[in-house]
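What follows is a single structure, written as structure tokens, with notes after it.
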Amino acid sequence: MSLSVSNRMSRVRPSPTGAVLALAAELRAAGRDIISLGTGEPDFDTPQAIKDAAITAIQAGVTKYTPIDGTAELKAAIQRKFLRDNNLAYEPAQIVVTAGAKQALFNLCLSRLGPGDEAIIPSPYWVSYPDMVLLAEAEPVIIKAGIGDDFKITPARLDAAISDNTRLFILNSPSNPTGASYDEAQLKALGEVLETHPHVVIVADDIYEPIHWADAPFVSFATACPSLAARTVTVNGVSKAYAMTGWRIGYAAGPAELIEAMTTIQSQSTSNPCSVSQEAARAALDGDQGIVAKMTAEYRARHDYLVAALNDIPGFECRPGEGTFYAFPRVTGVLKRLGIGSDTGLAEHLINEANVAVVPGSAFGAPGYLRLSFACSRQTLEQAVQRIKLAVSA
């Protein structure tokens, strides 16, 4: 007997990055020597002080339900983080702790969007944004920005995309997959457009905030545009900065009515995030931030190597990023030279001929590109580059 699923499932797809990770694992299990540059996961271990805080919490019996929106202690640490790093002040009722930043974004889409609504998403985008909007029965409106635009949208393009149905504008800076980061002046220019559209809520996805090395310091949207803070939801978490992907702690701060709605959604889905992970996250946010700076310095060194190495391969064109741990080269020259029809076809060619797994740019709304993660050792990157060179030189 065939069991049907809901109609909404016809509008969404499984995560492409998850699919690449699963394929790489499957091929390794079959005996293939696969190098995976597909996963956005730090190769560093969680710092010992954070692990110690979790062990102490377990031994102290911190293993019960917590408030759905997070413990008072972790919320206080999040308040301190926003004030210290972003000059933003939030009350506890304006903060919700979630099972990863992804859940915060999903809860927000369900809380804010419905049939007939629209959410503006700059492309290249993180793979899950459009599907979250679709699951909320709304429509994603994509603004394209390619390598010639430094992967950044202009105020004019934003203004042209806003309609009476626009309910959200989602901005990820530094960006997954491109590494591009908006500076303060660029954020202010976008803010001037949004000032004239009071029905639009801004979502600032700052998950890669500390992994940033541009000459100008990182600036969060609500910091750059304080007059828009009352309708800005800032999303962040500990996964990327502190090498805590498996701990699953994210958080969001913004207008109390939206945070309350997000908490209600959470109360009927996951309930509270893991109690032990919340203690670990508190230790991360309140602890020595020097370890984050050390990891970021290593990411930048890998970035500098990989961008130069990719640009040395005929047919690859890679823009330097200002943060994250991704390179996003345009590969249209390789596609033309090898007679491969798409970036998906090139990704298949690389895993079949070079044993290197990457994610095609189409998954991020950018056909003709590839995303390569450099959250791995320099030695691994060098091996991957040599394999890619051989596979595309034939």
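So you can find residues: chains in the structure tokens are A, B, ... in the order shown, residues in each start at 1, and ligands are numbered from 1 in order.
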Residue contacts of Val292 of chain A (10 Å, only C-alpha atoms) excluding same-chain residues fewer than 4 positions away, as a list in words: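 So the residues in contact are Pro47, Pro210, Ile211, Lys240, Ala241, Tyr242, Ala243, Ala284, Asp288, Thr296 and Ala297 of chain A.
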Within 8 Å of segment 147-152 of chain A using only C-alpha atoms, minus same-chain residues under 6 positions, as a list in words: Pro122, Ser123, Pro124, Thr178, Ala180, Tyr182, Arg319 and Arg330 of chain A
Segment 218-284 of chain A residues near segment 73-97 of chain A within 8 Å, closest pair each, using only C-alpha atoms, as JSON lines:
```
{"residue": "A:Val219", "atom": "CA", "partner": "A:Asn86", "partner_atom": "CA", "distance": 7.2}
{"residue": "A:Ser220", "atom": "CA", "partner": "A:Asn86", "partner_atom": "CA", "distance": 6.6}
{"residue": "A:Ala222", "atom": "CA", "partner": "A:Leu88", "partner_atom": "CA", "distance": 7.7}
{"residue": "A:Thr223", "atom": "CA", "partner": "A:Asn86", "partner_atom": "CA", "distance": 6.2}
{"residue": "A:Ile249", "atom": "CA", "partner": "A:Val97", "partner_atom": "CA", "distance": 7.0}
{"residue": "A:Gly250", "atom": "CA", "partner": "A:Val97", "partner_atom": "CA", "distance": 5.9}
{"residue": "A:Tyr251", "atom": "CA", "partner": "A:Val97", "partner_atom": "CA", "distance": 4.3}
{"residue": "A:Ala252", "atom": "CA", "partner": "A:Val96", "partner_atom": "CA", "distance": 5.5}
{"residue": "A:Ala253", "atom": "CA", "partner": "A:Ile95", "partner_atom": "CA", "distance": 4.4}
{"residue": "A:Gly254", "atom": "CA", "partner": "A:Gln94", "partner_atom": "CA", "distance": 5.4}
{"residue": "A:Pro255", "atom": "CA", "partner": "A:Gln94", "partner_atom": "CA", "distance": 6.0}
{"residue": "A:Ala256", "atom": "CA", "partner": "A:Gln94", "partner_atom": "CA", "distance": 4.6}
{"residue": "A:Ile259", "atom": "CA", "partner": "A:Gln94", "partner_atom": "CA", "distance": 5.9}
{"residue": "A:Glu260", "atom": "CA", "partner": "A:Ala93", "partner_atom": "CA", "distance": 7.6}
{"residue": "A:Met262", "atom": "CA", "partner": "A:Val96", "partner_atom": "CA", "distance": 7.7}
{"residue": "A:Thr263", "atom": "CA", "partner": "A:Val96", "partner_atom": "CA", "distance": 6.7}
{"residue": "A:Asn272", "atom": "CA", "partner": "A:Val97", "partner_atom": "CA", "distance": 8.0}
{"residue": "A:Pro273", "atom": "CA", "partner": "A:Val97", "partner_atom": "CA", "distance": 7.0}
{"residue": "A:Gln278", "atom": "CA", "partner": "A:Leu74", "partner_atom": "CA", "distance": 6.4}
{"residue": "A:Glu279", "atom": "CA", "partner": "A:Leu74", "partner_atom": "CA", "distance": 7.0}
{"residue": "A:Ala281", "atom": "CA", "partner": "A:Leu74", "partner_atom": "CA", "distance": 7.2}
{"residue": "A:Arg282", "atom": "CA", "partner": "A:Leu74", "partner_atom": "CA", "distance": 5.1}
```
Nearest to Arg300 of chain A by atom-to-atom distance, counting only C-alpha atoms, from A:Leu228, A:Lys389, A:Gly179, A:Ser269: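 Closest to Arg300 of chain A, using only C-alpha atoms: A:Gly179.
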Coordinates-based distance that separates atom CA of Met132 of chain A from atom CA of Gly323 of chain A (Å, one decimal): 24.5 Å
Thr380 of chain A environment, 12 Å, only C-alpha atoms, sequence neighbours closer than 5 positions dropped, as a list of chain:residue names: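 Selected residues are A:Asp33, A:Ile34, A:Ile35, A:Ser36, A:Leu37, A:Asp43, A:Arg302, A:Tyr305, A:Leu306, A:Val356, A:Ser373, A:Phe374, A:Ala375, A:Val385, A:Gln386, A:Arg387.
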Residue subset to file, keeping all heavy atoms, as a compact mmCIF listing (two decimals), in the first residue's frame:
```txt
# COMPACT_ATOMS: atom_id res chain seq x y z
N ASP A 33 38.43 6.48 -1.32
CA ASP A 33 39.20 7.49 -0.58
C ASP A 33 38.63 8.87 -0.91
O ASP A 33 39.14 9.59 -1.77
CB ASP A 33 40.67 7.39 -0.95
CG ASP A 33 41.52 8.48 -0.28
OD1 ASP A 33 41.08 9.00 0.77
OD2 ASP A 33 42.59 8.80 -0.82
N ILE A 34 37.54 9.21 -0.24
CA ILE A 34 36.82 10.44 -0.55
C ILE A 34 37.31 11.58 0.34
O ILE A 34 37.40 11.45 1.56
CB ILE A 34 35.31 10.25 -0.36
CG1 ILE A 34 34.78 9.15 -1.27
CG2 ILE A 34 34.57 11.57 -0.61
CD1 ILE A 34 34.86 9.46 -2.74
N ILE A 35 37.62 12.72 -0.28
CA ILE A 35 37.85 13.96 0.45
C ILE A 35 36.57 14.77 0.35
O ILE A 35 36.12 15.10 -0.75
CB ILE A 35 39.02 14.77 -0.14
CG1 ILE A 35 40.34 14.01 0.05
CG2 ILE A 35 39.11 16.15 0.53
CD1 ILE A 35 41.53 14.71 -0.59
N SER A 36 35.95 15.09 1.48
CA SER A 36 34.71 15.85 1.47
C SER A 36 34.96 17.31 1.80
O SER A 36 35.42 17.64 2.90
CB SER A 36 33.70 15.27 2.47
OG SER A 36 32.50 16.03 2.44
N LEU A 37 34.67 18.16 0.84
CA LEU A 37 34.70 19.61 1.05
C LEU A 37 33.27 20.15 1.03
O LEU A 37 33.03 21.29 0.68
CB LEU A 37 35.55 20.30 -0.02
CG LEU A 37 37.00 19.83 -0.16
CD1 LEU A 37 37.73 20.67 -1.21
CD2 LEU A 37 37.74 19.90 1.17
N ASP A 43 36.57 21.55 11.84
CA ASP A 43 37.32 20.34 12.15
C ASP A 43 37.97 20.42 13.52
O ASP A 43 38.57 19.45 13.98
CB ASP A 43 38.39 20.08 11.08
CG ASP A 43 39.39 21.22 10.95
OD1 ASP A 43 38.98 22.39 11.07
OD2 ASP A 43 40.58 20.95 10.70
N ARG A 302 43.72 29.18 5.66
CA ARG A 302 43.23 28.20 4.71
C ARG A 302 42.53 28.89 3.54
O ARG A 302 42.69 28.49 2.38
CB ARG A 302 42.26 27.24 5.39
CG ARG A 302 42.88 26.39 6.48
CD ARG A 302 41.80 25.62 7.23
NE ARG A 302 42.32 24.88 8.37
CZ ARG A 302 41.56 24.19 9.22
NH1 ARG A 302 40.25 24.16 9.04
NH2 ARG A 302 42.10 23.54 10.23
N TYR A 305 45.04 30.32 1.10
CA TYR A 305 45.62 29.27 0.26
C TYR A 305 44.63 28.81 -0.80
O TYR A 305 44.95 28.73 -2.00
CB TYR A 305 46.06 28.07 1.11
CG TYR A 305 46.23 26.83 0.26
CD1 TYR A 305 47.34 26.70 -0.57
CD2 TYR A 305 45.24 25.84 0.21
CE1 TYR A 305 47.47 25.60 -1.42
CE2 TYR A 305 45.37 24.74 -0.63
CZ TYR A 305 46.49 24.62 -1.44
OH TYR A 305 46.61 23.55 -2.27
N LEU A 306 43.40 28.49 -0.38
CA LEU A 306 42.45 27.86 -1.29
C LEU A 306 42.01 28.80 -2.40
O LEU A 306 41.91 28.39 -3.57
CB LEU A 306 41.23 27.35 -0.51
CG LEU A 306 40.19 26.59 -1.34
CD1 LEU A 306 40.81 25.37 -2.00
CD2 LEU A 306 39.00 26.18 -0.48
N VAL A 356 36.58 13.78 -4.81
CA VAL A 356 36.41 15.01 -4.03
C VAL A 356 34.94 15.39 -4.07
O VAL A 356 34.35 15.55 -5.15
CB VAL A 356 37.27 16.16 -4.58
CG1 VAL A 356 36.99 17.46 -3.80
CG2 VAL A 356 38.75 15.81 -4.49
N SER A 373 34.13 23.76 1.17
CA SER A 373 34.38 24.10 2.56
C SER A 373 35.86 23.91 2.88
O SER A 373 36.46 22.90 2.51
CB SER A 373 33.54 23.21 3.48
OG SER A 373 33.97 23.34 4.82
N PHE A 374 36.45 24.91 3.56
CA PHE A 374 37.83 24.73 4.02
C PHE A 374 37.89 24.58 5.54
O PHE A 374 38.87 24.95 6.19
CB PHE A 374 38.75 25.85 3.52
CG PHE A 374 38.27 27.26 3.70
CD1 PHE A 374 38.48 27.95 4.88
CD2 PHE A 374 37.63 27.92 2.66
CE1 PHE A 374 38.06 29.26 5.04
CE2 PHE A 374 37.20 29.23 2.81
CZ PHE A 374 37.43 29.91 4.01
N ALA A 375 36.83 23.97 6.09
CA ALA A 375 36.84 23.60 7.52
C ALA A 375 37.52 22.24 7.67
O ALA A 375 36.96 21.30 8.24
CB ALA A 375 35.42 23.57 8.06
N VAL A 385 42.90 19.97 -3.94
CA VAL A 385 43.21 20.83 -5.08
C VAL A 385 43.97 20.06 -6.16
O VAL A 385 43.67 20.19 -7.36
CB VAL A 385 44.01 22.07 -4.62
CG1 VAL A 385 44.60 22.81 -5.82
CG2 VAL A 385 43.12 23.01 -3.81
N GLN A 386 44.93 19.25 -5.76
CA GLN A 386 45.68 18.47 -6.75
C GLN A 386 44.75 17.51 -7.50
O GLN A 386 44.86 17.34 -8.72
CB GLN A 386 46.81 17.70 -6.06
CG GLN A 386 47.95 18.57 -5.56
CD GLN A 386 48.55 19.43 -6.68
OE1 GLN A 386 48.83 18.93 -7.77
NE2 GLN A 386 48.72 20.71 -6.42
N ARG A 387 43.84 16.89 -6.77
CA ARG A 387 42.90 15.98 -7.43
C ARG A 387 41.98 16.72 -8.39
O ARG A 387 41.69 16.24 -9.50
CB ARG A 387 42.07 15.24 -6.39
CG ARG A 387 42.85 14.28 -5.51
CD ARG A 387 41.90 13.56 -4.56
NE ARG A 387 42.59 12.68 -3.64
CZ ARG A 387 41.97 11.85 -2.81
NH1 ARG A 387 40.64 11.79 -2.78
NH2 ARG A 387 42.66 11.06 -1.99
```
Using only C-alpha atoms, determine which residues lie at most 10 Å from segment 155-170 of chain A, disregarding the query and same-chain residues fewer than 6 positions distant; provide the list as an mmCIF file with N, CA, C and O atoms, in the first residue's frame.
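This is the output file around34.cif:
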```cif
data_model
loop_
_atom_site.group_PDB
_atom_site.id
_atom_site.type_symbol
_atom_site.label_atom_id
_atom_site.label_comp_id
_atom_site.auth_asym_id
_atom_site.auth_seq_id
_atom_site.Cartn_x
_atom_site.Cartn_y
_atom_site.Cartn_z
ATOM 1 N N LEU A 105 15.365 30.087 12.852
ATOM 2 C CA LEU A 105 14.904 30.585 11.559
ATOM 3 C C LEU A 105 13.594 29.923 11.144
ATOM 4 O O LEU A 105 12.683 30.583 10.626
ATOM 5 N N LEU A 108 10.743 31.262 13.182
ATOM 6 C CA LEU A 108 10.396 32.610 12.756
ATOM 7 C C LEU A 108 9.563 32.578 11.480
ATOM 8 O O LEU A 108 8.569 33.305 11.359
ATOM 9 N N CYS A 109 9.950 31.734 10.519
ATOM 10 C CA CYS A 109 9.172 31.645 9.282
ATOM 11 C C CYS A 109 7.742 31.194 9.566
ATOM 12 O O CYS A 109 6.784 31.763 9.025
ATOM 13 N N ARG A 112 5.813 34.167 11.259
ATOM 14 C CA ARG A 112 5.626 35.425 10.542
ATOM 15 C C ARG A 112 4.928 35.256 9.182
ATOM 16 O O ARG A 112 4.291 36.180 8.686
ATOM 17 N N LEU A 113 5.053 34.066 8.584
ATOM 18 C CA LEU A 113 4.617 33.890 7.202
ATOM 19 C C LEU A 113 3.399 32.985 7.090
ATOM 20 O O LEU A 113 3.158 32.129 7.936
ATOM 21 N N GLY A 114 2.654 33.182 6.009
ATOM 22 C CA GLY A 114 1.501 32.336 5.697
ATOM 23 C C GLY A 114 1.172 32.455 4.226
ATOM 24 O O GLY A 114 1.882 33.115 3.456
ATOM 25 N N PRO A 115 0.082 31.822 3.793
ATOM 26 C CA PRO A 115 -0.300 31.871 2.380
ATOM 27 C C PRO A 115 -0.434 33.307 1.883
ATOM 28 O O PRO A 115 -1.030 34.159 2.547
ATOM 29 N N GLY A 116 0.163 33.561 0.713
ATOM 30 C CA GLY A 116 0.106 34.893 0.111
ATOM 31 C C GLY A 116 1.242 35.807 0.525
ATOM 32 O O GLY A 116 1.429 36.869 -0.087
ATOM 33 N N ASP A 117 1.992 35.444 1.562
ATOM 34 C CA ASP A 117 3.108 36.263 2.016
ATOM 35 C C ASP A 117 4.363 35.973 1.199
ATOM 36 O O ASP A 117 4.486 34.922 0.564
ATOM 37 N N GLU A 118 5.306 36.907 1.260
ATOM 38 C CA GLU A 118 6.572 36.763 0.549
ATOM 39 C C GLU A 118 7.735 37.038 1.490
ATOM 40 O O GLU A 118 7.619 37.840 2.423
ATOM 41 N N ALA A 119 8.846 36.359 1.220
ATOM 42 C CA ALA A 119 10.092 36.604 1.949
ATOM 43 C C ALA A 119 11.204 36.828 0.936
ATOM 44 O O ALA A 119 11.394 36.011 0.027
ATOM 45 N N ILE A 120 11.917 37.922 1.071
ATOM 46 C CA ILE A 120 12.994 38.265 0.142
ATOM 47 C C ILE A 120 14.289 37.604 0.612
ATOM 48 O O ILE A 120 14.686 37.730 1.776
ATOM 49 N N ILE A 121 14.956 36.916 -0.332
ATOM 50 C CA ILE A 121 16.178 36.179 -0.025
ATOM 51 C C ILE A 121 17.226 36.515 -1.081
ATOM 52 O O ILE A 121 17.038 36.191 -2.261
ATOM 53 N N PRO A 122 18.338 37.148 -0.713
ATOM 54 C CA PRO A 122 19.416 37.355 -1.684
ATOM 55 C C PRO A 122 20.051 36.025 -2.074
ATOM 56 O O PRO A 122 20.198 35.113 -1.256
ATOM 57 N N TYR A 125 22.222 31.924 -1.616
ATOM 58 C CA TYR A 125 21.635 31.855 -0.284
ATOM 59 C C TYR A 125 21.979 30.519 0.372
ATOM 60 O O TYR A 125 22.327 29.542 -0.296
ATOM 61 N N TYR A 129 16.910 28.426 3.392
ATOM 62 C CA TYR A 129 16.005 29.578 3.467
ATOM 63 C C TYR A 129 14.749 29.412 2.600
ATOM 64 O O TYR A 129 13.622 29.550 3.102
ATOM 65 N N VAL A 133 10.648 28.952 3.911
ATOM 66 C CA VAL A 133 9.576 29.855 3.486
ATOM 67 C C VAL A 133 8.444 29.055 2.843
ATOM 68 O O VAL A 133 7.255 29.284 3.118
ATOM 69 N N ALA A 138 4.447 30.281 2.233
ATOM 70 C CA ALA A 138 4.687 31.581 1.622
ATOM 71 C C ALA A 138 5.587 31.406 0.401
ATOM 72 O O ALA A 138 5.976 30.290 0.062
ATOM 73 N N GLU A 139 5.937 32.508 -0.255
ATOM 74 C CA GLU A 139 6.730 32.451 -1.479
ATOM 75 C C GLU A 139 8.081 33.149 -1.291
ATOM 76 O O GLU A 139 8.129 34.303 -0.870
ATOM 77 N N PRO A 140 9.177 32.451 -1.612
ATOM 78 C CA PRO A 140 10.477 33.122 -1.601
ATOM 79 C C PRO A 140 10.636 34.002 -2.841
ATOM 80 O O PRO A 140 10.289 33.594 -3.956
ATOM 81 N N VAL A 141 11.137 35.201 -2.635
ATOM 82 C CA VAL A 141 11.433 36.128 -3.728
ATOM 83 C C VAL A 141 12.948 36.302 -3.753
ATOM 84 O O VAL A 141 13.540 36.808 -2.795
ATOM 85 N N ILE A 142 13.577 35.869 -4.827
ATOM 86 C CA ILE A 142 15.035 35.797 -4.888
ATOM 87 C C ILE A 142 15.604 37.019 -5.606
ATOM 88 O O ILE A 142 15.144 37.381 -6.694
ATOM 89 N N ILE A 143 16.603 37.649 -4.983
ATOM 90 C CA ILE A 143 17.369 38.721 -5.626
ATOM 91 C C ILE A 143 18.753 38.162 -5.930
ATOM 92 O O ILE A 143 19.500 37.808 -5.012
ATOM 93 N N LYS A 144 19.112 38.090 -7.206
ATOM 94 C CA LYS A 144 20.383 37.492 -7.585
ATOM 95 C C LYS A 144 21.519 38.513 -7.521
ATOM 96 O O LYS A 144 21.355 39.671 -7.906
ATOM 97 N N ALA A 145 22.666 38.032 -7.026
ATOM 98 C CA ALA A 145 23.876 38.843 -6.993
ATOM 99 C C ALA A 145 25.062 37.914 -7.237
ATOM 100 O O ALA A 145 25.360 37.060 -6.400
ATOM 101 N N GLN A 186 27.161 49.689 3.723
ATOM 102 C CA GLN A 186 26.252 48.909 2.873
ATOM 103 C C GLN A 186 24.986 48.519 3.619
ATOM 104 O O GLN A 186 23.891 48.546 3.048
ATOM 105 N N LEU A 187 25.113 48.178 4.905
ATOM 106 C CA LEU A 187 23.926 47.862 5.706
ATOM 107 C C LEU A 187 23.049 49.106 5.880
ATOM 108 O O LEU A 187 21.818 49.019 5.786
ATOM 109 N N LYS A 188 23.664 50.239 6.127
ATOM 110 C CA LYS A 188 22.888 51.474 6.282
ATOM 111 C C LYS A 188 22.123 51.810 5.003
ATOM 112 O O LYS A 188 20.974 52.277 5.047
ATOM 113 N N ALA A 189 22.749 51.562 3.853
ATOM 114 C CA ALA A 189 22.087 51.854 2.581
ATOM 115 C C ALA A 189 20.862 50.949 2.394
ATOM 116 O O ALA A 189 19.807 51.399 1.926
ATOM 117 N N LEU A 190 20.986 49.686 2.756
ATOM 118 C CA LEU A 190 19.820 48.795 2.703
ATOM 119 C C LEU A 190 18.765 49.240 3.719
ATOM 120 O O LEU A 190 17.565 49.193 3.453
ATOM 121 N N GLY A 191 19.235 49.686 4.873
ATOM 122 C CA GLY A 191 18.326 50.153 5.909
ATOM 123 C C GLY A 191 17.507 51.353 5.476
ATOM 124 O O GLY A 191 16.325 51.480 5.852
ATOM 125 N N GLU A 192 18.086 52.238 4.680
ATOM 126 C CA GLU A 192 17.346 53.396 4.195
ATOM 127 C C GLU A 192 16.147 52.967 3.340
ATOM 128 O O GLU A 192 15.082 53.596 3.392
ATOM 129 N N VAL A 193 16.335 51.910 2.571
ATOM 130 C CA VAL A 193 15.209 51.381 1.783
ATOM 131 C C VAL A 193 14.151 50.805 2.707
ATOM 132 O O VAL A 193 12.945 51.072 2.565
ATOM 133 N N LEU A 194 14.582 50.016 3.681
ATOM 134 C CA LEU A 194 13.639 49.332 4.565
ATOM 135 C C LEU A 194 12.893 50.300 5.477
ATOM 136 O O LEU A 194 11.784 49.995 5.930
ATOM 137 N N THR A 196 11.378 52.803 4.564
ATOM 138 C CA THR A 196 10.170 53.227 3.852
ATOM 139 C C THR A 196 9.166 52.093 3.687
ATOM 140 O O THR A 196 8.124 52.283 3.056
ATOM 141 N N HIS A 197 9.479 50.917 4.243
ATOM 142 C CA HIS A 197 8.581 49.761 4.138
ATOM 143 C C HIS A 197 8.381 49.161 5.530
ATOM 144 O O HIS A 197 8.955 48.120 5.871
ATOM 145 N N PRO A 198 7.549 49.799 6.346
ATOM 146 C CA PRO A 198 7.423 49.390 7.754
ATOM 147 C C PRO A 198 6.788 48.027 7.971
ATOM 148 O O PRO A 198 6.799 47.522 9.089
ATOM 149 N N HIS A 199 6.251 47.407 6.914
ATOM 150 C CA HIS A 199 5.625 46.091 7.075
ATOM 151 C C HIS A 199 6.639 44.948 6.944
ATOM 152 O O HIS A 199 6.264 43.777 7.076
ATOM 153 N N VAL A 200 7.910 45.256 6.704
ATOM 154 C CA VAL A 200 8.933 44.234 6.475
ATOM 155 C C VAL A 200 9.743 44.020 7.748
ATOM 156 O O VAL A 200 10.295 44.972 8.312
ATOM 157 N N VAL A 201 9.842 42.769 8.182
ATOM 158 C CA VAL A 201 10.712 42.391 9.297
ATOM 159 C C VAL A 201 12.045 41.926 8.721
ATOM 160 O O VAL A 201 12.085 41.157 7.754
ATOM 161 N N ILE A 202 13.132 42.392 9.308
ATOM 162 C CA ILE A 202 14.476 42.044 8.850
ATOM 163 C C ILE A 202 15.004 40.884 9.694
ATOM 164 O O ILE A 202 14.894 40.909 10.925
ATOM 165 N N VAL A 203 15.549 39.888 9.018
ATOM 166 C CA VAL A 203 16.176 38.761 9.698
ATOM 167 C C VAL A 203 17.674 38.852 9.448
ATOM 168 O O VAL A 203 18.127 38.730 8.301
ATOM 169 N N ALA A 204 18.447 39.067 10.497
ATOM 170 C CA ALA A 204 19.900 39.130 10.389
ATOM 171 C C ALA A 204 20.474 37.805 10.880
ATOM 172 O O ALA A 204 20.488 37.537 12.086
ATOM 173 N N ASP A 205 20.902 36.969 9.943
ATOM 174 C CA ASP A 205 21.490 35.681 10.296
ATOM 175 C C ASP A 205 22.995 35.896 10.476
ATOM 176 O O ASP A 205 23.754 35.953 9.509
ATOM 177 N N ARG A 231 12.146 46.095 14.540
ATOM 178 C CA ARG A 231 11.603 45.070 13.639
ATOM 179 C C ARG A 231 12.719 44.245 12.993
ATOM 180 O O ARG A 231 12.592 43.785 11.860
ATOM 181 N N THR A 232 13.788 44.048 13.754
ATOM 182 C CA THR A 232 14.885 43.176 13.319
ATOM 183 C C THR A 232 14.997 41.996 14.283
ATOM 184 O O THR A 232 15.024 42.187 15.499
ATOM 185 N N VAL A 233 15.064 40.797 13.728
ATOM 186 C CA VAL A 233 15.322 39.595 14.507
ATOM 187 C C VAL A 233 16.740 39.141 14.186
ATOM 188 O O VAL A 233 17.050 38.835 13.030
#
```
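All residues of protein, DNA or RNA that reach within 9 Å of Ile265 of chain A, judged by only C-alpha atoms and not counting those fewer than 5 positions away in the chain, are Asn107, Leu108, Leu110, Ser111, Glu260, Thr270 and Ser271 of chain A.
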Emit the selected residues as a CSV table (one decimal), in the first residue's frame, including N, CA, C and O atoms.
```csv
chain,number,residue,atom,x,y,z
A,107,ASN,N,11.3,28.5,13.2
A,107,ASN,CA,10.2,29.0,14.0
A,107,ASN,C,9.8,30.4,13.6
A,107,ASN,O,8.6,30.7,13.6
A,108,LEU,N,10.7,31.3,13.2
A,108,LEU,CA,10.4,32.6,12.8
A,108,LEU,C,9.6,32.6,11.5
A,108,LEU,O,8.6,33.3,11.4
A,110,LEU,N,7.6,30.2,10.4
A,110,LEU,CA,6.2,29.7,10.8
A,110,LEU,C,5.4,30.8,11.5
A,110,LEU,O,4.2,30.9,11.4
A,111,SER,N,6.1,31.6,12.3
A,111,SER,CA,5.5,32.7,13.1
A,111,SER,C,5.1,33.9,12.3
A,111,SER,O,4.1,34.5,12.6
A,260,GLU,N,7.8,35.7,21.3
A,260,GLU,CA,6.7,35.0,22.0
A,260,GLU,C,6.1,34.0,21.1
A,260,GLU,O,5.9,32.8,21.4
A,270,THR,N,9.7,21.0,19.6
A,270,THR,CA,10.8,20.4,20.3
A,270,THR,C,10.8,20.6,21.8
A,270,THR,O,11.5,20.0,22.6
A,271,SER,N,10.0,21.6,22.3
A,271,SER,CA,10.1,22.1,23.7
A,271,SER,C,11.5,22.7,23.9
A,271,SER,O,12.1,23.2,23.0
```
8 Å contact set for Ala214 of chain A, only C-alpha atoms, chain neighbours under 3 positions out, as a VMD selection string: chain A and resid 181 217 to 218 322 to 323
What does the file look like for those residues with N, CA and C atoms, as a short mmCIF file (atom, residue, chain, number, x, y, z; two decimals), in the first residue's frame?
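Output contents, as saved in result31.cif:
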```cif
data_model
loop_
_atom_site.label_atom_id
_atom_site.label_comp_id
_atom_site.auth_asym_id
_atom_site.auth_seq_id
_atom_site.Cartn_x
_atom_site.Cartn_y
_atom_site.Cartn_z
N SER A 181 30.72 39.69 3.04
CA SER A 181 30.22 40.35 4.25
C SER A 181 29.88 41.80 3.94
N PRO A 217 35.44 46.14 10.76
CA PRO A 217 34.92 45.15 11.71
C PRO A 217 33.52 44.68 11.34
N PHE A 218 33.16 43.49 11.83
CA PHE A 218 31.80 42.99 11.64
C PHE A 218 30.80 43.95 12.29
N GLU A 322 35.29 37.50 3.03
CA GLU A 322 35.62 38.25 4.25
C GLU A 322 35.34 37.45 5.50
N GLY A 323 34.89 36.21 5.34
CA GLY A 323 34.58 35.41 6.51
C GLY A 323 34.03 34.05 6.13
#
```
